[in-house]
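Participant: Pasting in a structure now, in structure tokens, and then I'll have a few things to ask.
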Amino acid sequence: MRPGVDLVGGFASLRPAYVRNCGKDRSMQPSPKLPMGCRSSPKRGPAPSNFTDARLSSIIVNLGRRRTASGEGPSTLQAAARRRRVTSDQELFAKGLATYQKIVAGNFLAHEQAYQALHEVLVSEAKEDFVFVDLACGAAPYSAAALAGTGVVRYVGVDISRPALEIAREKLAPLACPIELRCKDFVEAIDAWEGWLDVVWIGLSLHHLRTSEKRAFMGKVERLIPRDGLFLIWEPTCLEGEDREGWVERFSTYLKGLPMSLDELAAMDSHQRASDYAETAATWKGMAREAGFEKADQLFTSPDRLTGMYLFRR
Ligand SMILES: C[S@@+](CC[C@H](N)C(=O)[O-])C[C@H]1O[C@@H](n2cnc3c(N)ncnc32)[C@H](O)[C@@H]1O
């Protein structure tokens, strides 16, 4: 990272960890901007280093055991229901973009800690030169920070919100690699993907799918990831023994304590009640294993215990 450059509000507090972990001095000059819709052709590289037990245990902080039932109907009905939900999610996110940016700026959902954990995994575990796919990237508030000093050679961001992608383009400008932004449903983007995906990251967005949809989606990602690839998710996580409704009520209580207007809090609460489907840590990991990933580890639990980050590998 260039000295003196703050990528996003609050990022300065992450700088010592990034500086400590950056093995390579990659200049963070503004990148050439590619038009939306350009396609990438990921490369394959050498096998990854092992994620040692010691390193893993230093960042694994919480494990759950419970599974939830899936209970969905036929796939065609699911697809139609999903399309309706995506449309309503898109409307909600377009309206809620400013509110979400306040949440990010205030670090109310632990973006700083989550993206620092992502950065550390990328530095220590990603292959030498990797393509990074940021699914449901939104405004990509911390992605440039997480990728600073890593071996990223291409960034592909996917989101259904065009206004969010416009902001993302500015936030990602410090990256030295080519940047490609696609305005697209992330499930459809994966369905249509051609070539390998070196590192796939999805932050606070996979939980909009129902359980069986999540599992199917993970299976599609697994088939696109090379043996040295990484699939990382940061998602709402139920406590052991807690169901989706329990998580929703816990999040609702947490929201009430945030320094935001009543209207903003009401909009957030209404969105999460309609669209958020948290899973336990055991379910997130179990779904990944059922999808074909051999290794599934939890790397991080947010201080509010509402979310967790997971690393899946073949
Ligand atoms: C809570 S924000 C997360 C943004 C970012 N990943 C982060 O870590 O802060 C959720 C994002 O998912 C996007 N989104 C929701 N459903 C989507 C879908 N089906 N396909 C693509 N993007 C979607 C929204 O537009 C929004 O930008």
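Residue numbering restarts at 1 in every chain; chains get A, B, ... in the order shown in the structure tokens, and ligands count up from 1 in that same order.
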Could you pull out the residues sitting within 8 Å of ligand 1, using only C-alpha atoms and all ligand atoms, and write them as an NGL selection string?

Facilitator: :A and (86 or 89-90 or 93-94 or 97 or 100 or 104 or 111 or 134-142 or 158-161 or 164 or 183-188 or 202-206 or 208 or 234)

Participant: In Å to one decimal, how far is atom CA of A:Asp129 from atom CA of A:Ala148?

Facilitator: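 Taking atom CA of A:Ala148 as the start and atom CA of A:Asp129 as the end point, the length is 13.2 Å.
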
Participant: List the spatial neighbours of stretch 227-232 of chain A as a list in words - criterion: any atom at most 6 Å away, only C-alpha atoms, same-chain residues fewer than 5 positions off excluded.

Facilitator: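 Using only C-alpha atoms, the neighbours found are Ala47, Pro48, Asp198, Val199, Val200, Trp201, Tyr310, Leu311, Phe312, Arg313 and Arg314 of chain A.
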
Participant: For the strand (DSSP E) assignment from backbone DSSP, which residues of stretch 144-190 of chain A qualify? Please present them as a PDB file with N, CA and C atoms, in the first residue's frame.

Facilitator:
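Generated output (states.pdb):
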ATOM      1  N   VAL A 152      -2.777 -10.594  -6.046  1.00  0.00           N
ATOM      2  CA  VAL A 152      -3.923 -10.471  -6.961  1.00  0.00           C
ATOM      3  C   VAL A 152      -3.474  -9.912  -8.309  1.00  0.00           C
ATOM      4  N   VAL A 153      -3.933 -10.566  -9.397  1.00  0.00           N
ATOM      5  CA  VAL A 153      -3.587 -10.078 -10.739  1.00  0.00           C
ATOM      6  C   VAL A 153      -4.822  -9.578 -11.486  1.00  0.00           C
ATOM      7  N   ARG A 154      -5.995  -9.854 -10.931  1.00  0.00           N
ATOM      8  CA  ARG A 154      -7.224  -9.374 -11.569  1.00  0.00           C
ATOM      9  C   ARG A 154      -8.342  -9.396 -10.533  1.00  0.00           C
ATOM     10  N   TYR A 155      -9.171  -8.366 -10.544  1.00  0.00           N
ATOM     11  CA  TYR A 155     -10.296  -8.292  -9.611  1.00  0.00           C
ATOM     12  C   TYR A 155     -11.580  -8.304 -10.434  1.00  0.00           C
ATOM     13  N   VAL A 156     -12.504  -9.191 -10.060  1.00  0.00           N
ATOM     14  CA  VAL A 156     -13.829  -9.205 -10.695  1.00  0.00           C
ATOM     15  C   VAL A 156     -14.875  -9.034  -9.598  1.00  0.00           C
ATOM     16  N   GLY A 157     -15.631  -7.950  -9.664  1.00  0.00           N
ATOM     17  CA  GLY A 157     -16.703  -7.703  -8.687  1.00  0.00           C
ATOM     18  C   GLY A 157     -18.053  -7.905  -9.352  1.00  0.00           C
ATOM     19  N   VAL A 158     -18.967  -8.546  -8.635  1.00  0.00           N
ATOM     20  CA  VAL A 158     -20.309  -8.817  -9.174  1.00  0.00           C
ATOM     21  C   VAL A 158     -21.330  -8.309  -8.170  1.00  0.00           C
ATOM     22  N   ASP A 159     -22.300  -7.535  -8.633  1.00  0.00           N
ATOM     23  CA  ASP A 159     -23.377  -7.089  -7.748  1.00  0.00           C
ATOM     24  C   ASP A 159     -24.581  -6.693  -8.606  1.00  0.00           C
ATOM     25  N   ILE A 179      -9.433  -4.139 -13.073  1.00  0.00           N
ATOM     26  CA  ILE A 179     -10.678  -4.270 -12.291  1.00  0.00           C
ATOM     27  C   ILE A 179     -11.834  -4.423 -13.267  1.00  0.00           C
ATOM     28  N   GLU A 180     -12.676  -5.404 -12.977  1.00  0.00           N
ATOM     29  CA  GLU A 180     -13.837  -5.642 -13.837  1.00  0.00           C
ATOM     30  C   GLU A 180     -15.071  -5.696 -12.952  1.00  0.00           C
ATOM     31  N   LEU A 181     -16.096  -4.927 -13.286  1.00  0.00           N
ATOM     32  CA  LEU A 181     -17.312  -4.921 -12.469  1.00  0.00           C
ATOM     33  C   LEU A 181     -18.493  -5.380 -13.317  1.00  0.00           C
ATOM     34  N   ARG A 182     -19.212  -6.360 -12.813  1.00  0.00           N
ATOM     35  CA  ARG A 182     -20.349  -6.906 -13.561  1.00  0.00           C
ATOM     36  C   ARG A 182     -21.628  -6.636 -12.787  1.00  0.00           C
ATOM     37  N   CYS A 183     -22.607  -6.016 -13.419  1.00  0.00           N
ATOM     38  CA  CYS A 183     -23.898  -5.789 -12.771  1.00  0.00           C
ATOM     39  C   CYS A 183     -24.756  -7.019 -13.054  1.00  0.00           C
TER      40      CYS A 183
END
